[in-house]
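Participant: For reference, this is upload_14.cif, and it has mmCIF, C-alpha atoms.
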data_data
#
loop_
_atom_site.label_atom_id
_atom_site.label_comp_id
_atom_site.auth_asym_id
_atom_site.auth_seq_id
_atom_site.Cartn_x
_atom_site.Cartn_y
_atom_site.Cartn_z
CA MET A 1 0.00 0.00 0.00
CA ILE A 2 1.25 3.48 -0.90
CA SER A 3 0.19 6.20 1.53
CA ALA A 4 0.79 9.90 2.14
CA GLY A 5 -0.04 10.99 5.65
CA PRO A 6 -3.63 9.85 6.33
CA TRP A 7 -4.30 9.19 2.65
CA ARG A 8 -4.10 5.90 0.78
CA ALA A 9 -2.97 6.43 -2.81
CA THR A 10 -3.56 2.79 -3.77
CA GLU A 11 -7.25 2.52 -2.90
CA VAL A 12 -8.72 0.81 -5.95
CA GLU A 13 -11.98 -0.31 -7.41
CA ASP A 14 -11.60 -3.85 -8.72
CA LEU A 15 -13.71 -3.80 -11.86
CA LEU A 16 -13.75 -7.59 -12.21
CA ALA A 17 -14.54 -8.48 -8.60
CA LYS A 18 -16.73 -5.37 -8.20
CA THR A 19 -15.10 -4.54 -4.86
CA VAL A 20 -13.04 -1.71 -3.36
CA ARG A 21 -9.77 -2.51 -1.61
CA PRO A 22 -6.97 -0.43 -0.04
CA SER A 23 -4.09 -1.71 -2.17
CA ALA A 24 -3.07 -2.93 -5.61
CA ARG A 25 -0.55 -5.55 -6.71
CA LEU A 26 2.51 -3.55 -7.84
CA SER A 27 6.27 -4.06 -8.14
CA ALA A 28 8.38 -2.72 -5.26
CA LEU A 29 11.49 -3.22 -7.39
CA ARG A 30 10.25 -1.12 -10.32
CA LEU A 31 9.00 1.62 -8.00
CA ALA A 32 12.30 1.67 -6.10
CA GLU A 33 14.21 1.93 -9.39
CA TRP A 34 12.00 4.83 -10.44
CA PHE A 35 12.52 6.65 -7.13
CA ALA A 36 16.29 6.08 -7.25
CA GLY A 37 16.67 7.07 -10.89
CA ASN A 38 14.67 10.27 -10.42
CA TRP A 39 15.75 11.08 -6.85
CA TRP A 40 17.34 14.47 -7.51
CA ARG A 41 14.49 15.76 -9.65
CA LEU A 42 11.80 14.43 -7.32
CA VAL A 43 13.34 16.23 -4.36
CA TRP A 44 14.29 19.52 -6.01
CA GLU A 45 12.40 20.19 -9.25
CA PRO A 46 9.29 22.42 -9.14
CA ARG A 47 6.13 21.49 -11.04
CA SER A 48 6.21 21.85 -14.82
CA ASP A 49 3.99 20.99 -17.77
CA SER A 50 6.81 19.37 -19.74
CA ARG A 51 6.79 15.75 -20.85
CA SER A 52 10.12 15.24 -19.11
CA TRP A 53 8.67 16.48 -15.82
CA ARG A 54 5.68 14.14 -16.06
CA ALA A 55 7.96 11.17 -16.76
CA SER A 56 10.18 11.83 -13.74
CA HIS A 57 7.49 13.00 -11.29
CA GLY A 58 4.35 11.04 -12.20
CA MET A 59 4.17 7.56 -10.73
CA ASN A 60 1.82 6.46 -13.51
CA ASN A 61 4.90 6.50 -15.77
CA VAL A 62 6.75 3.75 -13.87
CA GLY A 63 5.39 1.20 -16.37
CA TYR A 64 6.56 -2.43 -16.71
CA GLY A 65 3.02 -3.64 -17.32
CA TYR A 66 1.58 -2.51 -13.99
CA VAL A 67 -1.34 -0.12 -13.51
CA TRP A 68 0.13 2.62 -11.31
CA PRO A 69 -1.76 5.30 -9.38
CA SER A 70 -1.98 8.85 -10.74
CA LEU A 71 0.38 10.19 -8.08
CA SER A 72 2.83 13.05 -8.63
CA PHE A 73 5.48 14.81 -6.56
CA SER A 74 6.63 18.44 -6.90
CA SER A 75 9.09 20.47 -4.85
CA ASP A 76 9.13 24.06 -3.65
CA TRP A 77 12.63 23.47 -2.20
CA GLN A 78 11.30 23.14 1.32
CA SER A 79 8.31 20.79 0.96
CA ILE A 80 7.20 18.05 -1.40
CA HIS A 81 3.65 18.42 -2.65
CA ILE A 82 1.98 15.09 -3.32
CA ARG A 83 -1.01 15.02 -5.63
CA SER A 84 -3.29 12.05 -6.22
CA ARG A 85 -6.16 11.92 -8.70
CA PRO A 86 -8.65 9.17 -9.61
CA THR A 87 -7.84 7.28 -12.77
CA THR A 88 -10.23 6.85 -15.68
CA ARG A 89 -12.20 3.63 -16.08
CA TRP A 90 -10.77 1.68 -19.04
CA GLU A 91 -12.04 -1.66 -20.28
CA ALA A 92 -8.48 -2.89 -20.79
CA GLU A 93 -7.48 -2.23 -17.15
CA PRO A 94 -8.88 -4.36 -14.31
CA ILE A 95 -8.65 -1.68 -11.63
CA ARG A 96 -9.37 2.02 -11.19
CA TYR A 97 -7.69 4.18 -8.54
CA LEU A 98 -10.07 6.23 -6.41
CA SER A 99 -7.95 8.56 -4.26
CA HIS A 100 -8.24 12.32 -4.65
CA PHE A 101 -6.02 14.37 -2.36
CA ASP A 102 -3.27 16.97 -2.08
CA PHE A 103 -0.78 16.56 0.72
CA SER A 104 2.51 18.26 1.61
CA VAL A 105 5.46 16.88 3.55
CA SER A 106 8.83 18.36 4.43
CA ILE A 107 11.73 17.47 2.15
CA GLY A 108 13.46 15.80 5.10
CA ASP A 109 10.51 13.50 5.84
CA PHE A 110 10.05 12.71 2.15
CA VAL A 111 13.71 11.81 1.74
CA ASP A 112 13.65 9.62 4.86
CA SER A 113 10.60 7.71 3.60
CA ILE A 114 12.02 7.15 0.12
CA ASP A 115 15.41 6.14 1.53
CA ASP A 116 13.78 3.60 3.86
CA PHE A 117 11.70 2.15 1.02
CA ILE A 118 14.66 1.79 -1.35
CA ASP A 119 16.95 0.39 1.36
CA GLY A 120 14.28 -2.14 2.35
CA THR A 121 13.78 -3.21 -1.26
CA ILE A 122 17.53 -3.65 -1.75
CA THR A 123 17.77 -5.78 1.40
CA ARG A 124 15.00 -8.09 0.18
CA LEU A 125 16.62 -8.35 -3.25
CA PHE A 126 19.96 -9.23 -1.71
CA HIS A 127 18.46 -12.22 0.10
CA VAL A 128 16.54 -13.35 -2.99
CA GLN A 129 19.33 -12.86 -5.53
CA ASN A 130 22.23 -13.66 -3.19
CA GLY A 131 24.22 -10.68 -4.43
CA VAL A 132 24.32 -7.08 -5.59
CA SER A 133 21.43 -5.88 -7.76
CA GLN A 134 21.21 -3.20 -10.43
CA LEU A 135 19.08 -1.21 -7.99
CA SER A 136 21.74 -1.34 -5.29
CA MET A 137 24.41 -0.11 -7.71
CA LEU A 138 22.20 2.76 -8.85
CA TRP A 139 21.36 3.67 -5.26
CA ASP A 140 25.03 3.53 -4.20
CA GLU A 141 25.77 6.08 -6.94
CA VAL A 142 23.03 8.42 -5.74
CA ARG A 143 24.15 8.06 -2.13
CA GLU A 144 27.73 8.84 -3.08
CA GLU A 145 26.62 12.00 -4.91
CA ARG A 146 24.60 13.08 -1.88
CA ARG A 147 27.64 12.72 0.37
CA ASP A 148 29.74 15.02 -1.84
CA PRO A 149 28.75 18.69 -1.23
CA GLY A 150 30.02 19.86 -4.62
CA ILE A 151 28.24 17.17 -6.62
CA SER A 152 25.11 17.57 -4.50
CA GLU A 153 24.95 21.24 -5.37
CA LEU A 154 25.34 20.51 -9.06
CA ARG A 155 22.61 17.90 -8.99
CA ILE A 156 20.23 20.27 -7.19
CA LEU A 157 20.80 23.03 -9.68
CA GLU A 158 20.45 20.68 -12.67
CA SER A 159 17.18 19.45 -11.22
CA CYS A 160 15.83 22.94 -10.62
CA ILE A 161 15.99 23.68 -14.34
CA GLY A 162 14.62 20.29 -15.39
CA TYR A 163 17.66 18.20 -16.31
CA ASP A 164 18.65 14.67 -15.35
CA PRO A 165 22.17 14.28 -13.88
CA ASP A 166 24.87 15.16 -16.42
CA GLU A 167 22.27 15.66 -19.16
CA VAL A 168 22.78 19.39 -19.76
CA PRO A 169 23.62 19.55 -23.50
CA ASP A 170 27.00 20.97 -24.43
CA TYR A 171 25.53 23.61 -26.74
CA HIS A 172 23.34 24.84 -23.90
CA ILE A 173 26.08 25.48 -21.34
CA GLU A 174 26.06 29.29 -21.35
CA CYS A 175 22.28 29.49 -21.08
CA VAL A 176 22.21 26.90 -18.32
CA VAL A 177 24.93 28.65 -16.33
CA ALA A 178 22.92 31.90 -16.53
CA GLN A 179 19.83 30.06 -15.26
CA LEU A 180 21.78 28.45 -12.46
CA LEU A 181 23.12 31.82 -11.39
CA ALA A 182 19.56 33.17 -11.35
CA PHE A 183 18.44 30.29 -9.16
CA SER A 184 21.42 30.73 -6.85
CA ARG A 185 20.42 34.31 -6.09
CA ARG A 186 17.07 33.30 -4.64
CA GLU A 187 17.58 33.48 -0.90
CA TYR A 188 14.96 30.84 -0.05
CA LYS A 189 16.64 28.43 -2.48
CA LEU A 190 19.98 28.89 -0.73
CA ARG A 191 18.32 28.41 2.64
CA ALA A 192 16.75 25.13 1.52
CA ILE A 193 20.13 23.85 0.33
CA ARG A 194 21.84 24.88 3.57
CA ILE A 195 19.14 23.18 5.64
CA HIS A 196 19.34 19.95 3.66
CA PHE A 197 23.08 19.63 3.19
CA GLY A 198 24.50 21.97 5.84
CA VAL A 199 26.83 23.54 3.29
CA PHE A 200 26.79 25.72 0.20
CA GLN A 201 30.11 25.95 -1.58
CA ASP A 202 31.26 28.93 -3.63
CA PHE A 203 28.91 28.91 -6.60
CA ASN A 204 31.36 30.35 -9.11
CA SER A 205 33.78 27.48 -8.53
CA THR A 206 30.93 25.00 -8.91
CA VAL A 207 29.87 26.49 -12.25
CA ALA A 208 33.49 26.37 -13.40
CA GLN A 209 33.70 22.69 -12.44
CA ARG A 210 30.45 21.96 -14.28
CA ASN A 211 31.63 23.81 -17.36
CA ALA A 212 34.89 21.87 -17.35
CA MET A 213 33.05 18.55 -16.96
CA LEU A 214 30.80 19.23 -19.93
CA THR A 215 33.49 20.54 -22.25
CA SER A 216 36.20 17.99 -21.45
#
Could you express the structure from this file as C-alpha cells?

Facilitator:
Amino acid sequence: MISAGPWRATEVEDLLAKTVRPSARLSALRLAEWFAGNWWRLVWEPRSDSRSWRASHGMNNVGYGYVWPSLSFSSDWQSIHIRSRPTTRWEAEPIRYLSHFDFSVSIGDFVDSIDDFIDGTITRLFHVQNGVSQLSMLWDEVREERRDPGISELRILESCIGYDPDEVPDYHIECVVAQLLAFSRREYKLRAIRIHFGVFQDFNSTVAQRNAMLTS
C-alpha cells in the first residue's frame, strides 16, 4: 500500500470483482528503481507541464506492465507536494484508482521515507538474488553523490531547471549557467540547500567545475 499521511494512494476499485480494496498488486522493485533514478528531480524540481517532468514525477509513468496510481510529486525546495487523482475507467485495465487528495510533507521527511523504502527493497533483493542488484548499484551512486557537497549542489541546480544528472547539452552550457546563477540568487533556495546539506560551496567554482566537466 502506498500512503501519504492519512491518505491511501492505492485505494482501488476492482472492476472484475466489483469490490473496493486499499491496495493494488505492484512491483516494489520497479518503484524503487524509479525513485532512485529520479531522486534528484523528485526532491528539487518544481512542477512543470513538460513531458520530461511528467515522466520523472508522475508515478503512472513507472510502467513495466503494472497499472500505477496517478500520483505526482513536486518540490518548492522546502516541501514536497503530493497530488493524487482518480484514474479513468478503461475496459483494458482491471482496476481504477479512487484517491483524490493533495498533501505536503517536508523534504526531510520525504527523503527519509524514500530512503527507507529503497533500502528495504535492496535488502529483500539481496536475500533473494544472493548478491548485488542493479538497484543497489544505482542507489550507491546516488548516495555517493549526496555525500559530496560539490556534486550535490550541481545535482540540485540541474534538477531545478529540469535536467537529469549530467544531461545538460554541451551547446546549452552558457544558457544553463545563466539560469543556475539566477536560481542561486534566490535566498529561499539557498536556505533550503543549507538546511538539507548543511553547506553551500562557492557557486562560481561550482559552475566552473560543471563547465569543465561538460566541455572535457

Participant: Between A:Met59, A:Leu71, A:Ile82, A:Ala24, which one has atoms that come closest to Gly5 (chain A), using only C-alpha atoms?

Facilitator: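 Looking only at the distances to Gly5 (chain A), the closest residue turns out to be A:Ile82.
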
Participant: Which residue gives the smallest distance to Phe101 (chain A) among A:Trp39, A:Ser79, A:Glu33, A:Ser72, with all atoms listed in the file counted?

Facilitator: A:Ser72

Participant: Please compute the CA of Asp140 (chain A)-CA of His57 (chain A) distance, one decimal, in Å.

Facilitator: 21.2 Å

Participant: Apply the PyMOL selection byres ((chain A and resi 15) around 8) to the structure shown and report the selected residues as a PyMOL selection string.

Facilitator: chain A and resi 13-14+16-19+94-96

Participant: List the spatial neighbours of Asn61 (chain A) as a list of chain:residue names - criterion: any atom at most 12 Å away, all atoms listed in the file, same-chain residues fewer than 2 positions off excluded.

Facilitator: A:Arg30, A:Leu31, A:Trp34, A:Phe35, A:Asn38, A:Arg51, A:Ser52, A:Trp53, A:Arg54, A:Ala55, A:Ser56, A:His57, A:Gly58, A:Met59, A:Gly63, A:Tyr64, A:Gly65, A:Tyr66, A:Val67, A:Trp68, A:Pro69, A:Ser70, A:Leu71, A:Ser72

Participant: Identify all residues satisfying the PyMOL selection byres ((chain A and resi 22) around 8) in the given file; provide them as a list of chain:residue names.

Facilitator: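 That expression, the PyMOL selection byres ((chain A and resi 22) around 8), corresponds here to A:Met1, A:Arg8, A:Thr10, A:Glu11, A:Val12, A:Val20, A:Arg21, A:Ser23, A:Ala24.
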
Participant: Considering only C-alpha atoms, can you say which of A:Glu45, A:Ser106, A:Trp40, A:Ser50 comes closest to Arg146 (chain A)?

Facilitator: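 Going through A:Glu45, A:Ser106, A:Trp40, A:Ser50 one by one, the smallest distance to Arg146 (chain A) is for A:Trp40.
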
Participant: Give me, please, the distance in Å between CA of Asp49 (chain A) and CA of Phe117 (chain A), quoted to one decimal.

Facilitator: 27.7 Å

Participant: Check what the PyMOL selection byres ((chain A and resi 143) around 12) selects in the file above and give those residues as number ranges by chain.

Facilitator: A: 36-37, 39-40, 111, 115, 118-119, 136-142, 144-149, 151-152

Participant: Pick out the closest residue to Ser75 (chain A) from this set: A:His127, A:Arg41, A:Arg25, A:Arg155. Count all atoms listed in the file.

Facilitator: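 Among the listed residues, A:Arg41 lies closest to Ser75 (chain A).
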
Participant: Please indicate the distance in Å from CA of Val105 (chain A) to CA of Gln134 (chain A), rounded to one decimal place.

Facilitator: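 Distance between the two atoms: 29.1 Å.
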
Participant: Complete the atoms of region 37-61 of chain A to N, CA, C and O atoms and put them out as a PDB file, keeping the file's coordinate frame.

Facilitator:
ATOM      1  N   GLY A  37      16.237   6.452  -9.647  1.00  0.00           N
ATOM      2  CA  GLY A  37      16.670   7.070 -10.890  1.00  0.00           C
ATOM      3  C   GLY A  37      16.252   8.529 -11.017  1.00  0.00           C
ATOM      4  O   GLY A  37      16.905   9.301 -11.724  1.00  0.00           O
ATOM      5  N   ASN A  38      15.177   8.895 -10.338  1.00  0.00           N
ATOM      6  CA  ASN A  38      14.670  10.270 -10.420  1.00  0.00           C
ATOM      7  C   ASN A  38      14.839  11.035  -9.104  1.00  0.00           C
ATOM      8  O   ASN A  38      14.223  12.086  -8.926  1.00  0.00           O
ATOM      9  N   TRP A  39      15.680  10.543  -8.207  1.00  0.00           N
ATOM     10  CA  TRP A  39      15.750  11.080  -6.850  1.00  0.00           C
ATOM     11  C   TRP A  39      16.002  12.577  -6.835  1.00  0.00           C
ATOM     12  O   TRP A  39      15.286  13.327  -6.163  1.00  0.00           O
ATOM     13  N   TRP A  40      16.991  13.047  -7.558  1.00  0.00           N
ATOM     14  CA  TRP A  40      17.340  14.470  -7.510  1.00  0.00           C
ATOM     15  C   TRP A  40      16.191  15.338  -8.011  1.00  0.00           C
ATOM     16  O   TRP A  40      15.867  16.373  -7.410  1.00  0.00           O
ATOM     17  N   ARG A  41      15.569  14.953  -9.087  1.00  0.00           N
ATOM     18  CA  ARG A  41      14.490  15.760  -9.650  1.00  0.00           C
ATOM     19  C   ARG A  41      13.242  15.699  -8.776  1.00  0.00           C
ATOM     20  O   ARG A  41      12.541  16.700  -8.610  1.00  0.00           O
ATOM     21  N   LEU A  42      12.946  14.544  -8.206  1.00  0.00           N
ATOM     22  CA  LEU A  42      11.800  14.430  -7.320  1.00  0.00           C
ATOM     23  C   LEU A  42      11.924  15.351  -6.117  1.00  0.00           C
ATOM     24  O   LEU A  42      10.948  15.971  -5.679  1.00  0.00           O
ATOM     25  N   VAL A  43      13.126  15.450  -5.573  1.00  0.00           N
ATOM     26  CA  VAL A  43      13.340  16.230  -4.360  1.00  0.00           C
ATOM     27  C   VAL A  43      13.436  17.718  -4.629  1.00  0.00           C
ATOM     28  O   VAL A  43      13.007  18.536  -3.810  1.00  0.00           O
ATOM     29  N   TRP A  44      13.957  18.110  -5.813  1.00  0.00           N
ATOM     30  CA  TRP A  44      14.290  19.520  -6.010  1.00  0.00           C
ATOM     31  C   TRP A  44      13.604  20.225  -7.175  1.00  0.00           C
ATOM     32  O   TRP A  44      13.644  21.445  -7.259  1.00  0.00           O
ATOM     33  N   GLU A  45      12.957  19.517  -8.071  1.00  0.00           N
ATOM     34  CA  GLU A  45      12.400  20.190  -9.250  1.00  0.00           C
ATOM     35  C   GLU A  45      10.957  20.660  -9.028  1.00  0.00           C
ATOM     36  O   GLU A  45      10.097  19.859  -8.660  1.00  0.00           O
ATOM     37  N   PRO A  46      10.668  21.928  -9.264  1.00  0.00           N
ATOM     38  CA  PRO A  46       9.290  22.420  -9.140  1.00  0.00           C
ATOM     39  C   PRO A  46       8.392  21.834 -10.237  1.00  0.00           C
ATOM     40  O   PRO A  46       8.869  21.256 -11.205  1.00  0.00           O
ATOM     41  N   ARG A  47       7.091  22.022 -10.071  1.00  0.00           N
ATOM     42  CA  ARG A  47       6.130  21.490 -11.040  1.00  0.00           C
ATOM     43  C   ARG A  47       6.298  22.148 -12.409  1.00  0.00           C
ATOM     44  O   ARG A  47       6.604  23.331 -12.512  1.00  0.00           O
ATOM     45  N   SER A  48       6.100  21.369 -13.449  1.00  0.00           N
ATOM     46  CA  SER A  48       6.210  21.850 -14.820  1.00  0.00           C
ATOM     47  C   SER A  48       5.184  21.112 -15.674  1.00  0.00           C
ATOM     48  O   SER A  48       4.663  20.060 -15.283  1.00  0.00           O
ATOM     49  N   ASP A  49       4.916  21.654 -16.840  1.00  0.00           N
ATOM     50  CA  ASP A  49       3.990  20.990 -17.770  1.00  0.00           C
ATOM     51  C   ASP A  49       4.725  20.174 -18.823  1.00  0.00           C
ATOM     52  O   ASP A  49       4.096  19.641 -19.746  1.00  0.00           O
ATOM     53  N   SER A  50       6.038  20.058 -18.703  1.00  0.00           N
ATOM     54  CA  SER A  50       6.810  19.370 -19.740  1.00  0.00           C
ATOM     55  C   SER A  50       6.636  17.860 -19.664  1.00  0.00           C
ATOM     56  O   SER A  50       6.320  17.287 -18.612  1.00  0.00           O
ATOM     57  N   ARG A  51       6.853  17.206 -20.798  1.00  0.00           N
ATOM     58  CA  ARG A  51       6.790  15.750 -20.850  1.00  0.00           C
ATOM     59  C   ARG A  51       7.858  15.125 -19.963  1.00  0.00           C
ATOM     60  O   ARG A  51       7.620  14.112 -19.292  1.00  0.00           O
ATOM     61  N   SER A  52       9.042  15.744 -19.943  1.00  0.00           N
ATOM     62  CA  SER A  52      10.120  15.240 -19.110  1.00  0.00           C
ATOM     63  C   SER A  52       9.739  15.282 -17.634  1.00  0.00           C
ATOM     64  O   SER A  52      10.030  14.352 -16.881  1.00  0.00           O
ATOM     65  N   TRP A  53       9.078  16.368 -17.220  1.00  0.00           N
ATOM     66  CA  TRP A  53       8.670  16.480 -15.820  1.00  0.00           C
ATOM     67  C   TRP A  53       7.672  15.376 -15.478  1.00  0.00           C
ATOM     68  O   TRP A  53       7.773  14.722 -14.435  1.00  0.00           O
ATOM     69  N   ARG A  54       6.696  15.166 -16.336  1.00  0.00           N
ATOM     70  CA  ARG A  54       5.680  14.140 -16.060  1.00  0.00           C
ATOM     71  C   ARG A  54       6.310  12.756 -15.959  1.00  0.00           C
ATOM     72  O   ARG A  54       5.902  11.945 -15.125  1.00  0.00           O
ATOM     73  N   ALA A  55       7.317  12.487 -16.788  1.00  0.00           N
ATOM     74  CA  ALA A  55       7.960  11.170 -16.760  1.00  0.00           C
ATOM     75  C   ALA A  55       8.730  10.940 -15.469  1.00  0.00           C
ATOM     76  O   ALA A  55       8.775   9.818 -14.953  1.00  0.00           O
ATOM     77  N   SER A  56       9.334  11.981 -14.934  1.00  0.00           N
ATOM     78  CA  SER A  56      10.180  11.830 -13.740  1.00  0.00           C
ATOM     79  C   SER A  56       9.451  12.110 -12.440  1.00  0.00           C
ATOM     80  O   SER A  56       9.982  11.830 -11.363  1.00  0.00           O
ATOM     81  N   HIS A  57       8.235  12.649 -12.507  1.00  0.00           N
ATOM     82  CA  HIS A  57       7.490  13.000 -11.290  1.00  0.00           C
ATOM     83  C   HIS A  57       6.148  12.297 -11.170  1.00  0.00           C
ATOM     84  O   HIS A  57       5.557  12.319 -10.088  1.00  0.00           O
ATOM     85  N   GLY A  58       5.645  11.705 -12.240  1.00  0.00           N
ATOM     86  CA  GLY A  58       4.350  11.040 -12.200  1.00  0.00           C
ATOM     87  C   GLY A  58       4.506   9.535 -12.077  1.00  0.00           C
ATOM     88  O   GLY A  58       5.068   8.888 -12.958  1.00  0.00           O
ATOM     89  N   MET A  59       4.006   8.988 -10.982  1.00  0.00           N
ATOM     90  CA  MET A  59       4.170   7.560 -10.730  1.00  0.00           C
ATOM     91  C   MET A  59       3.487   6.699 -11.789  1.00  0.00           C
ATOM     92  O   MET A  59       3.879   5.553 -12.020  1.00  0.00           O
ATOM     93  N   ASN A  60       2.486   7.239 -12.473  1.00  0.00           N
ATOM     94  CA  ASN A  60       1.820   6.460 -13.510  1.00  0.00           C
ATOM     95  C   ASN A  60       2.714   6.193 -14.704  1.00  0.00           C
ATOM     96  O   ASN A  60       2.326   5.479 -15.637  1.00  0.00           O
ATOM     97  N   ASN A  61       3.935   6.748 -14.692  1.00  0.00           N
ATOM     98  CA  ASN A  61       4.900   6.500 -15.770  1.00  0.00           C
ATOM     99  C   ASN A  61       5.944   5.437 -15.401  1.00  0.00           C
ATOM    100  O   ASN A  61       6.879   5.216 -16.169  1.00  0.00           O
TER     101      ASN A  61
END
